[in-house]
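File shown: coords-v2.tsv (TSV, C-alpha atoms).
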```
chain	number	residue	atom	x	y	z
A	318	MET	CA	-25.02	-95.81	135.98
A	319	ARG	CA	-24.38	-92.31	134.65
A	320	VAL	CA	-25.26	-93.40	131.12
A	321	PHE	CA	-28.47	-94.98	132.39
A	322	LEU	CA	-29.49	-91.84	134.30
A	323	THR	CA	-28.70	-89.66	131.30
A	324	LEU	CA	-30.78	-91.87	129.04
A	325	LEU	CA	-33.62	-91.87	131.56
A	326	ALA	CA	-33.52	-88.07	131.78
A	327	VAL	CA	-33.63	-87.79	127.98
A	328	LEU	CA	-36.60	-90.17	127.79
A	329	ILE	CA	-38.48	-88.24	130.49
A	330	PHE	CA	-37.75	-84.96	128.71
A	331	CYS	CA	-38.99	-86.38	125.39
A	332	TRP	CA	-42.11	-87.80	127.06
A	333	LEU	CA	-42.96	-84.48	128.70
A	334	GLY	CA	-42.28	-82.60	125.47
A	335	GLY	CA	-44.50	-84.99	123.54
A	336	LEU	CA	-47.25	-84.58	126.11
A	337	GLY	CA	-46.99	-80.82	125.85
A	338	ILE	CA	-47.32	-80.95	122.06
A	339	PHE	CA	-50.32	-83.29	122.33
A	340	LEU	CA	-52.11	-81.09	124.88
A	341	TRP	CA	-51.51	-78.04	122.71
A	342	ARG	CA	-52.94	-79.79	119.65
A	343	MET	CA	-55.83	-81.15	121.70
A	344	ASN	CA	-56.96	-77.61	122.46
A	345	SER	CA	-55.93	-75.79	119.27
A	346	LEU	CA	-57.57	-77.74	116.44
A	347	SER	CA	-60.73	-75.90	115.45
A	348	THR	CA	-62.50	-74.49	112.39
A	349	PRO	CA	-64.52	-71.31	111.76
A	350	SER	CA	-68.13	-72.34	112.30
A	351	LEU	CA	-69.56	-70.83	109.11
A	352	GLU	CA	-67.17	-72.45	106.63
A	353	ARG	CA	-69.07	-74.78	104.30
A	354	THR	CA	-67.74	-78.21	103.21
A	355	ASP	CA	-68.93	-80.97	100.90
A	356	ALA	CA	-69.57	-83.32	103.82
A	357	ILE	CA	-69.54	-83.61	107.58
A	358	VAL	CA	-67.98	-86.71	109.13
A	359	VAL	CA	-68.81	-87.54	112.73
A	360	LEU	CA	-66.85	-90.14	114.69
A	361	THR	CA	-69.02	-91.79	117.32
A	362	GLY	CA	-67.79	-92.80	120.75
A	363	GLY	CA	-68.00	-89.59	122.76
A	364	SER	CA	-70.59	-87.16	124.07
A	365	LEU	CA	-71.87	-84.22	121.98
A	366	ARG	CA	-70.41	-85.48	118.70
A	367	VAL	CA	-73.54	-86.74	116.92
A	368	GLU	CA	-75.77	-83.87	118.04
A	369	HIS	CA	-73.13	-81.40	116.87
A	370	GLY	CA	-73.04	-83.13	113.49
A	371	PHE	CA	-76.82	-82.82	113.13
A	372	ALA	CA	-76.65	-79.17	114.24
A	373	LEU	CA	-74.09	-78.42	111.52
A	374	LEU	CA	-76.22	-80.23	108.94
A	375	GLY	CA	-79.26	-78.23	110.05
A	376	GLU	CA	-77.30	-74.99	109.62
A	377	GLY	CA	-76.58	-75.93	106.00
A	378	LEU	CA	-72.80	-76.18	106.41
A	379	ALA	CA	-72.87	-79.34	104.27
A	380	ASP	CA	-75.47	-81.41	102.44
A	381	ALA	CA	-74.12	-84.80	103.48
A	382	LEU	CA	-73.50	-86.21	106.96
A	383	PHE	CA	-71.48	-89.41	107.38
A	384	ILE	CA	-71.69	-90.90	110.89
A	385	SER	CA	-68.95	-93.47	111.38
A	386	GLY	CA	-68.87	-96.28	113.93
A	387	VAL	CA	-72.62	-96.57	114.53
A	388	GLY	CA	-73.89	-99.62	116.42
A	389	LYS	CA	-75.14	-102.38	114.12
A	390	GLN	CA	-78.75	-102.17	115.32
A	391	VAL	CA	-78.93	-98.35	115.37
A	392	THR	CA	-81.01	-96.67	112.66
A	393	LEU	CA	-81.18	-93.11	111.38
A	394	GLU	CA	-84.57	-92.77	113.07
A	395	ASP	CA	-82.97	-93.75	116.39
A	396	LEU	CA	-80.25	-91.12	116.00
A	397	LEU	CA	-82.66	-88.39	114.92
A	398	ALA	CA	-84.94	-89.14	117.87
A	399	GLU	CA	-82.08	-88.85	120.34
A	400	TYR	CA	-79.78	-86.27	118.76
A	401	GLY	CA	-81.52	-84.59	115.83
A	402	ASN	CA	-82.79	-81.03	115.77
A	403	LEU	CA	-85.81	-79.66	113.93
A	404	ARG	CA	-83.88	-77.96	111.13
A	405	ALA	CA	-81.83	-81.09	110.38
A	406	ARG	CA	-85.01	-83.18	110.26
A	407	GLU	CA	-86.62	-80.67	107.90
A	408	ARG	CA	-83.64	-80.64	105.53
A	409	ILE	CA	-83.48	-84.45	105.48
A	410	ALA	CA	-87.25	-84.80	104.93
A	411	ALA	CA	-87.14	-82.24	102.09
A	412	GLY	CA	-84.28	-84.09	100.35
A	413	GLN	CA	-81.92	-81.16	100.90
A	414	ALA	CA	-79.50	-83.25	102.98
A	415	GLU	CA	-78.62	-86.90	103.38
A	416	VAL	CA	-77.27	-88.94	106.27
A	417	VAL	CA	-75.18	-92.06	105.74
A	418	LEU	CA	-74.51	-94.43	108.63
A	419	ASP	CA	-71.32	-96.47	108.78
A	420	HIS	CA	-71.83	-99.64	110.81
A	421	ARG	CA	-68.47	-101.22	109.96
A	422	ALA	CA	-65.80	-99.01	111.53
A	423	ASN	CA	-64.61	-100.00	115.00
A	424	SER	CA	-61.46	-97.89	115.38
A	425	THR	CA	-60.16	-94.49	114.35
A	426	MET	CA	-58.19	-96.09	111.54
A	427	THR	CA	-61.28	-97.84	110.15
A	428	ASN	CA	-63.32	-94.64	110.66
A	429	ALA	CA	-60.90	-92.96	108.26
A	430	ALA	CA	-60.91	-95.87	105.81
A	431	GLU	CA	-64.71	-96.09	105.64
A	432	ALA	CA	-65.09	-92.33	105.38
A	433	ALA	CA	-62.47	-92.23	102.61
A	434	GLN	CA	-64.48	-94.72	100.52
A	435	PHE	CA	-67.62	-92.62	100.94
A	436	ILE	CA	-65.89	-89.33	100.18
A	437	ARG	CA	-64.10	-90.60	97.08
A	438	ALA	CA	-67.24	-92.32	95.78
A	439	ARG	CA	-69.08	-88.98	95.92
A	440	GLY	CA	-66.19	-86.98	94.51
A	441	PHE	CA	-66.07	-84.68	97.55
A	442	HIS	CA	-63.15	-82.31	98.02
A	443	SER	CA	-63.69	-80.94	101.53
A	444	VAL	CA	-64.74	-82.52	104.81
A	445	ARG	CA	-65.58	-81.17	108.25
A	446	LEU	CA	-64.42	-83.69	110.85
A	447	VAL	CA	-66.29	-83.80	114.17
A	448	THR	CA	-64.92	-85.52	117.26
A	449	SER	CA	-63.88	-84.74	120.84
A	450	ASN	CA	-60.89	-82.54	121.62
A	451	TYR	CA	-58.83	-85.38	123.12
A	452	HIS	CA	-59.53	-87.54	120.05
A	453	MET	CA	-59.04	-84.89	117.36
A	454	PRO	CA	-55.21	-84.93	117.05
A	455	ARG	CA	-55.10	-88.66	116.28
A	456	SER	CA	-58.19	-88.46	114.07
A	457	VAL	CA	-56.58	-85.72	111.96
A	458	LEU	CA	-53.48	-87.90	111.47
A	459	GLU	CA	-55.58	-90.86	110.32
A	460	PHE	CA	-57.80	-88.82	108.01
A	461	ARG	CA	-54.92	-86.91	106.40
A	462	ALA	CA	-53.17	-90.22	105.77
A	463	ALA	CA	-56.33	-91.74	104.27
A	464	LEU	CA	-57.40	-88.62	102.34
A	465	PRO	CA	-54.33	-86.53	101.51
A	466	GLU	CA	-56.08	-84.92	98.55
A	467	VAL	CA	-59.08	-83.66	100.55
A	468	THR	CA	-59.33	-80.41	102.54
A	469	LEU	CA	-59.94	-81.40	106.15
A	470	LEU	CA	-61.52	-78.97	108.61
A	471	PRO	CA	-61.40	-80.13	112.25
A	472	ASP	CA	-64.51	-79.16	114.22
A	473	THR	CA	-63.88	-80.00	117.85
A	474	VAL	CA	-66.44	-80.67	120.56
A	475	TYR	CA	-65.48	-80.31	124.20
A	476	PRO	CA	-66.97	-82.88	126.61
A	477	GLU	CA	-68.00	-81.31	129.89
A	478	ALA	CA	-65.52	-83.45	131.85
A	479	LEU	CA	-62.63	-82.00	129.84
A	480	ARG	CA	-63.56	-78.33	129.99
A	481	GLY	CA	-61.43	-76.02	132.06
A	482	ARG	CA	-58.18	-76.79	133.85
A	483	SER	CA	-59.45	-79.08	136.61
A	484	TRP	CA	-59.90	-82.17	134.41
A	485	TRP	CA	-56.31	-83.22	135.15
A	486	GLN	CA	-57.29	-83.73	138.80
A	487	GLU	CA	-59.88	-86.38	137.91
A	488	PRO	CA	-58.41	-89.92	137.54
A	489	ALA	CA	-60.85	-90.98	134.78
A	490	THR	CA	-60.25	-87.99	132.52
A	491	ARG	CA	-56.52	-87.98	133.24
A	492	GLN	CA	-56.29	-91.64	132.20
A	493	LEU	CA	-58.40	-90.99	129.08
A	494	VAL	CA	-56.08	-88.20	127.93
A	495	LEU	CA	-52.87	-90.11	128.72
A	496	VAL	CA	-54.06	-93.19	126.83
A	497	GLU	CA	-55.01	-91.01	123.85
A	498	PHE	CA	-51.65	-89.23	124.07
A	499	HIS	CA	-49.77	-92.53	123.65
A	500	LYS	CA	-52.10	-93.63	120.83
A	501	TYR	CA	-51.48	-90.30	119.09
A	502	TRP	CA	-47.71	-90.72	118.99
A	503	ALA	CA	-48.00	-94.38	117.95
A	504	THR	CA	-50.22	-93.26	115.07
A	505	TRP	CA	-47.85	-90.41	114.20
A	506	LEU	CA	-44.97	-92.86	114.00
A	507	ARG	CA	-46.92	-95.39	111.92
A	508	THR	CA	-48.24	-92.86	109.42
A	509	HIS	CA	-44.83	-91.21	108.97
A	510	ILE	CA	-43.09	-94.55	108.48
A	511	ARG	CA	-45.74	-95.54	105.93
A	512	ALA	CA	-45.43	-92.21	104.13
A	513	GLY	CA	-41.65	-92.57	104.01
A	514	SER	CA	-41.92	-96.10	102.61
A	515	ALA	CA	-44.32	-94.93	99.91
A	516	ALA	CA	-42.11	-92.00	98.85
```
As structure tokens:
Amino acid sequence: MRVFLTLLAVLIFCWLGGLGIFLWRMNSLSTPSLERTDAIVVLTGGSLRVEHGFALLGEGLADALFISGVGKQVTLEDLLAEYGNLRARERIAAGQAEVVLDHRANSTMTNAAEAAQFIRARGFHSVRLVTSNYHMPRSVLEFRAALPEVTLLPDTVYPEALRGRSWWQEPATRQLVLVEFHKYWATWLRTHIRAGSAA
């Protein structure tokens, strides 16, 4: 019984420590807003992500925007109508910027794989990655595994439900973060095992 209780205490300690690391990373990954990159990659699936990507494109922080995980029937015109801003529309219309839609990705891993094909095909060396704060830690793991040679700049958006300290009191946001926390460590383990096998 003592061995069992000791093991349980160690597991709880490790779980709490892992959660602390995840929460720290969730709120610490960010990039100076004026740093320019070859491309912007937006991962769909959360609020504010696509409009932030168009805002960055409109500001001239990259000349290419890759939106990954777009619904099969969704067009660029649909996205511009809902999320685009005037400056982004002007740059696209003038041929100063392009937008590429990825309809194939259906997970963070495939987001990274599809984006990697696009980035390598264009010979890009730096990418600004846009996703939500709770999703950014795992996304960074996937993208660094898929594109180890590329400079990756995380650009985090903060959904309203996850701003401030009270989000932990809401069952929906608490569950969202806890699920993402477990996915993060599963991804960390998989990518490190794969990297060790390839070494």
Residues within 12 Å of Leu418 in chain A, only C-alpha atoms, excluding chain neighbours under 3 positions, as a PyMOL selection string:
chain A and resi 357-361+367+381-397+415+421-422+428+431-432+435
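With all atoms listed in the file as the atoms that count, the minimum distance from Met453 in chain A to the choices A:Gly375, A:Gly363, A:Gly412, A:Pro488 is reached by A:Gly363.
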Using only C-alpha atoms, the shortest atom-to-atom distance to Ser350 in chain A among A:His369, A:Val496, A:Val327, A:Arg437 belongs to A:His369
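With all atoms listed in the file as the basis for measurement, A:Ser347 is the residue among A:Thr508, A:Ser443, A:Gln492, A:Ser347 that approaches Thr473 in chain A most closely.
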So what do you get for CA of Leu340 in chain A versus CA of Tyr451 in chain A, distance-wise?
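Taking CA of Leu340 in chain A as the start and CA of Tyr451 in chain A as the end point, the length is 8.2 Å.
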Could you jot down the CA of Gly337 in chain A to CA of Leu495 in chain A separation for me, Å, one decimal place?
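These two atoms are separated by 11.4 Å.
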Within 12 Å of Glu497 in chain A using all atoms listed in the file, minus same-chain residues under 6 positions, as a PyMOL selection string:
chain A and resi 336+339-340+343+425+449-456+490-491+503-504
Provide the CA of Leu446 in chain A to CA of Arg461 in chain A distance in Å, to one decimal place.
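Pair CA of Leu446 in chain A / CA of Arg461 in chain A returns 11.0 Å.
The nearest approach to Glu459 in chain A among the residues A:Gln486, A:Lys500, A:His420, A:Ala478, with all atoms listed in the file taken into account, belongs to A:Lys500.
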With distances taken over all atoms listed in the file, which of A:Phe371, A:Glu477, A:Phe321, A:Met426 is nearest to Arg406 in chain A?
A:Phe371
Quick one: axis-aligned box around all listed atoms of range 468-482 of chain A, 8 Å on every side, centre and edge lengths in Å to one decimal, written as JSON.
```
{"center_x": -63.1, "center_y": -79.7, "center_z": 118.2, "size_x": 25.8, "size_y": 23.4, "size_z": 47.3}
```
From the list A:Gln413, A:Thr354, A:Thr448, A:Ser424, the nearest residue to Thr468 in chain A using only C-alpha atoms is A:Thr354
